[in-house]
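Below is the file data_29.txt, which contains compact mmCIF, C-alpha atoms.
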```txt
# COMPACT_ATOMS: atom_id res chain seq x y z
CA MET K 226 -42.37 -2.81 81.78
CA LEU K 227 -45.71 -4.47 82.53
CA THR K 228 -47.13 -3.31 79.20
CA ALA K 229 -44.17 -4.92 77.40
CA VAL K 230 -44.96 -8.21 79.17
CA PHE K 231 -48.60 -8.01 78.05
CA VAL K 232 -47.61 -7.36 74.44
CA ALA K 233 -44.91 -10.07 74.38
CA THR K 234 -47.30 -12.63 75.88
CA ARG K 235 -49.95 -11.76 73.33
CA ILE K 236 -47.48 -12.05 70.43
CA VAL K 237 -46.53 -15.58 71.50
CA ALA K 238 -49.92 -16.82 72.73
CA ASN K 239 -51.82 -16.14 69.51
CA PRO K 240 -49.78 -18.42 67.19
CA VAL K 241 -49.45 -21.06 69.94
CA SER K 242 -53.26 -21.11 70.22
CA ASN K 243 -53.54 -21.55 66.43
CA LEU K 244 -50.93 -24.32 66.52
CA LEU K 245 -52.88 -26.29 69.13
CA GLN K 246 -56.15 -25.78 67.25
CA LYS K 247 -54.58 -27.15 64.07
CA GLN K 248 -53.13 -30.13 65.93
CA LEU K 249 -56.57 -31.02 67.29
CA THR K 250 -58.22 -30.79 63.86
CA GLN K 251 -55.54 -33.08 62.45
CA ARG K 252 -56.48 -35.60 65.13
CA GLY K 253 -60.11 -35.44 63.98
CA ALA K 254 -61.66 -32.97 66.42
CA ASN K 255 -64.53 -30.84 65.13
CA PRO K 256 -63.74 -27.09 65.05
CA LEU K 257 -66.99 -26.15 66.78
CA PHE K 258 -66.36 -28.60 69.61
CA ILE K 259 -62.80 -27.26 69.99
CA ILE K 260 -64.21 -23.77 70.63
CA LEU K 261 -66.94 -25.16 72.91
CA ALA K 262 -64.38 -27.05 75.02
CA THR K 263 -62.10 -24.00 75.15
CA HIS K 264 -64.84 -21.77 76.54
CA ALA K 265 -65.95 -24.51 78.97
CA LEU K 266 -62.43 -24.73 80.41
CA LEU K 267 -62.10 -20.93 80.53
CA THR K 268 -65.45 -20.71 82.33
CA LEU K 269 -64.24 -23.10 85.02
CA ALA K 270 -61.11 -20.96 85.45
CA VAL K 271 -62.87 -17.58 85.73
CA LEU K 272 -65.99 -18.65 87.65
CA PRO K 273 -64.55 -17.75 91.09
CA ILE K 274 -63.75 -14.24 89.81
CA ALA K 275 -67.21 -13.86 88.27
CA ILE K 276 -68.90 -14.67 91.59
CA ASP K 277 -67.16 -11.72 93.28
CA THR K 278 -67.63 -9.31 90.36
CA PRO K 279 -70.12 -6.48 91.05
CA GLY K 280 -73.11 -5.87 88.79
CA GLN K 281 -72.55 -4.24 85.42
CA ALA K 282 -74.49 -1.65 83.43
CA ALA K 283 -77.06 -2.84 80.89
CA GLY K 284 -74.92 -1.48 78.06
CA PHE K 285 -72.05 -3.72 79.11
CA TRP K 286 -74.19 -6.86 78.78
CA VAL K 287 -75.40 -5.86 75.33
CA ASN K 288 -71.85 -5.30 74.09
CA ILE K 289 -70.33 -8.38 75.71
CA GLY K 290 -73.21 -10.48 74.33
CA PHE K 291 -72.39 -9.37 70.79
CA CYS K 292 -68.69 -10.01 71.53
CA ALA K 293 -69.37 -13.58 72.63
CA ALA K 294 -71.46 -14.42 69.56
CA LEU K 295 -68.97 -12.87 67.14
CA ALA K 296 -65.98 -14.43 68.91
CA VAL K 297 -67.41 -17.96 68.72
CA ALA K 298 -68.34 -17.55 65.05
CA SER K 299 -64.97 -16.06 64.08
CA ASN K 300 -62.98 -18.66 66.03
CA VAL K 301 -64.93 -21.56 64.50
CA LEU K 302 -64.22 -20.17 61.02
CA LEU K 303 -60.57 -19.76 61.99
CA VAL K 304 -60.25 -23.39 63.12
CA TYR K 305 -61.95 -24.59 59.92
CA ALA K 306 -59.43 -22.46 58.01
CA LEU K 307 -56.54 -24.05 59.92
CA GLN K 308 -57.98 -27.45 59.05
CA ASN K 309 -57.77 -26.59 55.34
CA SER K 310 -54.56 -24.53 55.01
CA ASP K 311 -51.04 -24.11 56.35
CA LEU K 312 -50.48 -22.28 59.62
CA SER K 313 -47.60 -20.40 57.99
CA VAL K 314 -49.99 -19.07 55.33
CA LEU K 315 -52.96 -18.22 57.53
CA GLY K 316 -50.92 -16.52 60.27
CA PRO K 317 -49.66 -13.69 58.06
CA ILE K 318 -53.17 -13.11 56.66
CA ASN K 319 -54.03 -11.53 60.01
CA ALA K 320 -52.26 -8.41 58.72
CA TYR K 321 -55.24 -7.91 56.39
CA LYS K 322 -57.33 -7.05 59.46
CA SER K 323 -55.89 -3.53 59.34
CA VAL K 324 -56.88 -3.28 55.66
CA ILE K 325 -60.44 -4.31 56.54
CA SER K 326 -60.63 -1.64 59.25
CA LEU K 327 -59.31 0.94 56.79
CA ILE K 328 -61.93 0.04 54.18
CA LEU K 329 -64.73 0.02 56.79
CA GLY K 330 -63.60 3.49 57.86
CA ILE K 331 -64.04 4.79 54.31
CA PHE K 332 -67.59 3.52 53.88
CA LEU K 333 -68.94 3.78 57.43
CA ILE K 334 -67.52 7.05 58.73
CA GLY K 335 -66.08 8.69 55.63
CA GLU K 336 -62.43 8.48 56.70
CA VAL K 337 -60.09 8.80 53.71
CA PRO K 338 -56.80 6.98 54.38
CA THR K 339 -53.53 8.87 54.42
CA LEU K 340 -50.62 8.23 52.08
CA ALA K 341 -49.08 6.00 54.74
CA GLY K 342 -52.30 3.98 54.87
CA ALA K 343 -52.26 3.43 51.11
CA ALA K 344 -48.59 2.42 51.30
CA GLY K 345 -49.44 -0.03 54.08
CA VAL K 346 -52.11 -1.69 51.94
CA LEU K 347 -49.62 -2.09 49.08
CA LEU K 348 -47.05 -3.63 51.44
CA ILE K 349 -49.57 -6.15 52.78
CA VAL K 350 -50.58 -7.18 49.27
CA ALA K 351 -46.90 -7.39 48.25
CA GLY K 352 -46.07 -9.49 51.32
CA SER K 353 -48.91 -11.94 50.69
CA TYR K 354 -47.51 -12.32 47.16
CA PHE K 355 -44.46 -14.00 48.72
CA VAL K 356 -46.54 -16.20 51.06
CA VAL K 357 -48.35 -17.81 48.12
CA ASP K 358 -47.62 -21.44 47.26
CA ARG K 359 -47.20 -22.38 43.61
CA ASP K 360 -46.02 -25.28 41.49
CA VAL K 361 -42.73 -24.87 39.68
CA HIS K 362 -44.49 -24.61 36.29
CA GLN K 363 -47.37 -22.42 37.52
CA PRO K 364 -47.20 -18.69 36.65
CA ARG K 365 -46.95 -16.45 39.69
CA ARG K 366 -50.05 -14.42 38.74
CA ASN K 367 -52.14 -17.62 38.54
CA ALA K 368 -50.85 -18.76 41.94
CA PHE K 369 -51.74 -15.39 43.45
CA ALA K 370 -55.31 -15.59 42.11
CA GLN K 371 -55.58 -19.17 43.34
CA PHE K 372 -54.44 -18.04 46.79
CA PHE K 373 -57.63 -16.03 47.27
CA ARG K 374 -59.77 -18.87 45.93
CA GLU K 375 -58.49 -21.39 48.48
CA ARG K 376 -61.14 -22.51 50.95
CA GLY K 377 -58.90 -22.04 53.98
CA VAL K 378 -57.93 -18.51 52.94
CA GLN K 379 -61.56 -17.54 52.33
CA LEU K 380 -62.56 -18.88 55.75
CA ARG K 381 -59.70 -16.93 57.34
CA PHE K 382 -60.91 -13.71 55.74
CA GLY K 383 -64.43 -14.45 56.99
CA ALA K 384 -63.04 -14.92 60.48
CA LEU K 385 -61.14 -11.63 60.17
CA GLY K 386 -64.29 -9.74 59.24
CA LEU K 387 -66.16 -11.09 62.27
CA SER K 388 -63.16 -10.47 64.54
CA ALA K 389 -62.84 -6.86 63.34
CA THR K 390 -66.52 -6.30 64.13
CA GLU K 391 -66.11 -7.96 67.53
CA ALA K 392 -63.29 -5.53 68.37
CA ILE K 393 -65.72 -2.61 68.18
CA PHE K 394 -68.04 -4.13 70.79
CA LEU K 395 -65.07 -5.32 72.86
CA LYS K 396 -63.75 -1.78 73.12
CA LYS K 397 -67.19 -0.52 74.20
CA ALA K 398 -67.41 -3.24 76.86
CA ILE K 399 -63.98 -2.30 78.25
CA LEU K 400 -65.00 1.36 78.51
CA LEU K 401 -68.06 0.34 80.54
CA SER K 402 -66.18 -2.00 82.91
CA SER K 403 -62.53 -3.13 82.95
CA PRO K 404 -60.26 -5.43 80.91
CA VAL K 405 -60.45 -8.22 83.51
CA THR K 406 -64.24 -8.05 83.85
CA THR K 407 -64.62 -8.02 80.09
CA PHE K 408 -62.38 -11.08 79.82
CA VAL K 409 -64.30 -12.97 82.51
CA PHE K 410 -67.69 -12.56 80.85
CA TRP K 411 -66.29 -12.95 77.33
CA SER K 412 -65.06 -16.37 78.44
CA MET K 413 -68.31 -17.36 80.13
CA LEU K 414 -70.84 -16.09 77.58
CA GLY K 415 -68.99 -17.84 74.77
CA LEU K 416 -69.95 -21.18 76.37
CA PRO K 417 -73.76 -20.99 75.93
CA VAL K 418 -73.33 -19.59 72.41
CA ALA K 419 -71.04 -22.48 71.40
CA ALA K 420 -73.23 -25.01 73.24
CA ALA K 421 -76.36 -23.82 71.41
CA ALA K 422 -74.60 -24.14 68.06
CA GLY K 423 -73.24 -27.54 69.06
CA PHE K 424 -76.73 -28.78 70.00
CA PHE K 425 -77.88 -28.36 66.40
CA LEU K 426 -74.68 -29.20 64.55
CA LEU K 427 -72.94 -31.90 66.63
CA ARG K 428 -75.78 -34.21 67.63
CA GLY K 429 -74.31 -37.33 66.08
CA ARG K 430 -70.71 -36.57 67.04
CA VAL K 431 -70.88 -35.54 70.69
CA LYS K 432 -69.85 -38.93 72.10
CA ASN K 433 -66.83 -39.20 69.81
CA GLU K 434 -65.83 -35.61 70.54
CA PHE K 435 -65.88 -36.21 74.30
CA LEU K 436 -63.82 -39.38 73.86
CA MET K 437 -61.31 -37.32 71.91
CA LEU K 438 -61.38 -34.67 74.64
CA ARG K 439 -60.42 -37.31 77.20
CA ARG K 440 -57.71 -38.71 74.92
CA HIS K 441 -56.17 -35.30 74.21
CA ARG K 442 -57.10 -33.49 77.41
CA ARG K 443 -53.62 -32.00 77.84
CA THR K 444 -53.80 -30.36 74.42
CA TYR K 445 -57.24 -28.94 75.24
CA VAL K 446 -56.00 -27.56 78.57
CA TRP K 447 -52.99 -25.94 76.91
CA LEU K 448 -55.27 -24.50 74.24
CA ALA K 449 -57.53 -22.95 76.87
CA LEU K 450 -54.49 -21.48 78.64
CA ALA K 451 -53.07 -20.06 75.39
CA THR K 452 -56.44 -18.66 74.29
CA GLY K 453 -57.07 -17.13 77.70
CA ALA K 454 -53.60 -15.61 77.81
CA MET K 455 -54.04 -14.19 74.32
CA GLN K 456 -57.42 -12.58 75.04
CA LEU K 457 -56.57 -11.28 78.51
CA THR K 458 -53.25 -9.74 77.49
CA THR K 459 -54.92 -8.16 74.44
CA LEU K 460 -57.42 -6.42 76.70
CA LEU K 461 -54.76 -5.42 79.23
CA ALA K 462 -52.50 -4.05 76.47
CA PHE K 463 -55.37 -2.00 75.04
CA GLY K 464 -55.86 -0.56 78.52
CA LYS K 465 -52.28 0.77 78.46
CA LEU K 466 -51.64 1.48 74.76
CA GLN K 467 -53.49 3.14 71.94
CA VAL K 468 -55.27 0.41 70.02
CA GLY K 469 -53.37 1.28 66.83
CA TYR K 470 -49.95 0.84 68.42
CA GLY K 471 -51.04 -2.39 70.06
CA LEU K 472 -52.30 -3.86 66.78
CA ALA K 473 -49.03 -2.90 65.06
CA LEU K 474 -46.98 -4.72 67.70
CA PHE K 475 -49.27 -7.76 67.59
CA GLN K 476 -48.41 -8.29 63.91
CA LEU K 477 -45.04 -9.68 65.02
CA SER K 478 -46.91 -12.89 65.84
CA THR K 479 -47.11 -13.64 62.10
CA LEU K 480 -43.39 -14.45 62.09
CA ILE K 481 -43.89 -16.94 64.93
CA SER K 482 -46.76 -18.58 63.02
CA VAL K 483 -44.47 -19.23 60.06
CA ILE K 484 -41.76 -20.73 62.30
CA LEU K 485 -44.26 -22.95 64.17
CA GLY K 486 -45.82 -24.12 60.90
CA HIS K 487 -42.39 -25.12 59.60
CA HIS K 488 -41.32 -26.84 62.83
CA TYR K 489 -44.50 -28.77 63.71
CA PHE K 490 -46.12 -29.40 60.31
CA GLN K 491 -43.05 -29.35 58.01
CA GLU K 492 -44.55 -26.48 56.00
CA GLY K 493 -42.05 -25.39 53.37
CA GLN K 494 -40.62 -22.15 51.95
CA LEU K 495 -39.58 -20.89 55.37
CA ARG K 496 -37.36 -18.00 54.24
CA LYS K 497 -39.80 -16.75 51.61
CA ARG K 498 -42.73 -16.87 54.01
CA LEU K 499 -40.75 -15.14 56.75
CA ALA K 500 -39.84 -12.38 54.30
CA GLY K 501 -43.46 -12.04 53.18
CA SER K 502 -44.69 -12.00 56.78
CA ALA K 503 -42.21 -9.26 57.70
CA ILE K 504 -43.40 -7.13 54.77
CA MET K 505 -47.05 -7.66 55.72
CA ALA K 506 -46.34 -6.81 59.37
CA GLY K 507 -44.65 -3.60 58.25
CA GLY K 508 -47.64 -2.71 56.11
CA ALA K 509 -50.04 -3.33 58.99
CA ALA K 510 -47.90 -1.16 61.25
CA LEU K 511 -48.05 1.70 58.72
CA ILE K 512 -51.83 1.48 58.56
CA VAL K 513 -52.63 1.23 62.25
CA VAL K 514 -50.11 3.81 63.40
CA PHE K 515 -50.05 6.35 60.57
CA GLY K 516 -52.68 5.27 58.07
CA HIS K 517 -55.90 6.53 59.66
CA PRO K 518 -56.79 10.25 59.61
CA ARG K 519 -56.44 11.89 63.02
```
Serialized structure, C-alpha cells:
Amino acid sequence: MLTAVFVATRIVANPVSNLLQKQLTQRGANPLFIILATHALLTLAVLPIAIDTPGQAAGFWVNIGFCAALAVASNVLLVYALQNSDLSVLGPINAYKSVISLILGIFLIGEVPTLAGAAGVLLIVAGSYFVVDRDVHQPRRNAFAQFFRERGVQLRFGALGLSATEAIFLKKAILLSSPVTTFVFWSMLGLPVAAAAGFFLLRGRVKNEFLMLRRHRRTYVWLALATGAMQLTTLLAFGKLQVGYGLALFQLSTLISVILGHHYFQEGQLRKRLAGSAIMAGGAALIVVFGHPR
C-alpha cells in the first residue's frame, strides 16, 4: 500500500513540477535561478534532518557529489527546454530515457537488447510520431525531422542524458546510505553547485531575479514542494521496487503532462498527444521490464 502511494505521488509530482517551472519561465525567471531557488528552499526544509544524520562513508560523498552536479545541470537544461517548447511535447519525451539506457547498455557493458526491448524502442518512436506538431500543408516526414531539430527538444534530450547518468550515481548513494539520507544531501549539495554557476552566469540579473522571487514566492514554494516530493518518492519507490518496474510505472506521468499542458497553456491536439503518450509509455514499459537481458 505504501509503495503504491510513493509511485502515485511521483507520477503526479513530476509533471506538476514541470508545470510550475514553465510558468516561472513565462513570467521571465531565469532557468538557472529557478533551480538555485528550488535547492535553497529544499535546503531550508531538510537542514534539521541533516543535523541529526550520522556520518557517511567517503564513497557516499563522492557519489552524491556527482549526483548534485548532474542534477543541477540536467534540471537547468530541462527548464530551458520548457521555456522553448510545449509541456505536452516535452513530457512524453521522458520515455526516451529507457531507450538511452538500452543504448548505453549495448556500448558500455555489451548487453544486447531482447526482442521486447527492440519492440519498445519502435513503440516509443511511433508514439513520438503522433506527438509531433505540423502545419496542415507540411508533410508528416518533414514535421518528424523538424521535431528533433527543435531547440527545446534537443535541450530535453540533453537533460535526459545527464539524468540517466545521475541515476547511476544515485543508486550507488542509496546502497551506501538510505533513500532519506540520499534525498537530504542531494537537496543540500545542489545549492552550492547552482550558486557557483549563478555567480558566473547571473551577475547582472540577480537583483531582478530576487524581486521576481518575492513577487512569485508562492509559485517557488510550490515548486520546491513538488520537486522534493518527486525526488523523495522516487528514492523511496526504488527502495521497495525493482528500478525497472518503477521506471515503467513512472511513465504514466507523461499523460498528466499532456493534460496539464492543454489546461494551463492551451496546447492543442489533446487526443493525438494523449494517444502518442500512451504508446510511448507502453514502449518504455516493455524496455524497462522485459527489454534488458537478465
Selection: 10 Å around Tyr321 (chain K), only C-alpha atoms, excl. self and same-chain fewer than 4 positions, as a PyMOL selection string
chain K and resi 317+325-327+346+349-350+353+382+385-386+505-506+508-509
CA of Gly316 (chain K) to CA of Gly464 (chain K) measures 24.7 Å
Grab the CA of Ser412 (chain K) to CA of Trp286 (chain K) distance for me, in Å with one decimal place.
13.2 Å
One decimal, in Å: what's the spacing between CA of Leu416 (chain K) and CA of Ala298 (chain K)?
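Value for the CA of Leu416 (chain K)-CA of Ala298 (chain K) distance: 12.0 Å.
Near Leu400 (chain K), within 12 Å and counting all atoms listed in the file, sit Gln281, Ala282, Gly284, Phe285, Asn288, Ile289, Ile393, Phe394, Leu395, Lys396, Lys397, Ser403, Pro404, Val405, Thr406, Thr407, Leu460, Phe463 and Gly464 of chain K; same-chain residues fewer than 3 positions away were not included.
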Just C-alpha atoms for this one: save the residues we selected as a short mmCIF file (atom, residue, chain, number, x, y, z; two decimals), in the coordinates of the input.
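Dumped to part-v2.cif:
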```cif
data_model
loop_
_atom_site.label_atom_id
_atom_site.label_comp_id
_atom_site.auth_asym_id
_atom_site.auth_seq_id
_atom_site.Cartn_x
_atom_site.Cartn_y
_atom_site.Cartn_z
CA GLN K 281 -72.55 -4.24 85.42
CA ALA K 282 -74.49 -1.65 83.43
CA GLY K 284 -74.92 -1.48 78.06
CA PHE K 285 -72.05 -3.72 79.11
CA ASN K 288 -71.85 -5.30 74.09
CA ILE K 289 -70.33 -8.38 75.71
CA ILE K 393 -65.72 -2.61 68.18
CA PHE K 394 -68.04 -4.13 70.79
CA LEU K 395 -65.07 -5.32 72.86
CA LYS K 396 -63.75 -1.78 73.12
CA LYS K 397 -67.19 -0.52 74.20
CA SER K 403 -62.53 -3.13 82.95
CA PRO K 404 -60.26 -5.43 80.91
CA VAL K 405 -60.45 -8.22 83.51
CA THR K 406 -64.24 -8.05 83.85
CA THR K 407 -64.62 -8.02 80.09
CA LEU K 460 -57.42 -6.42 76.70
CA PHE K 463 -55.37 -2.00 75.04
CA GLY K 464 -55.86 -0.56 78.52
#
```
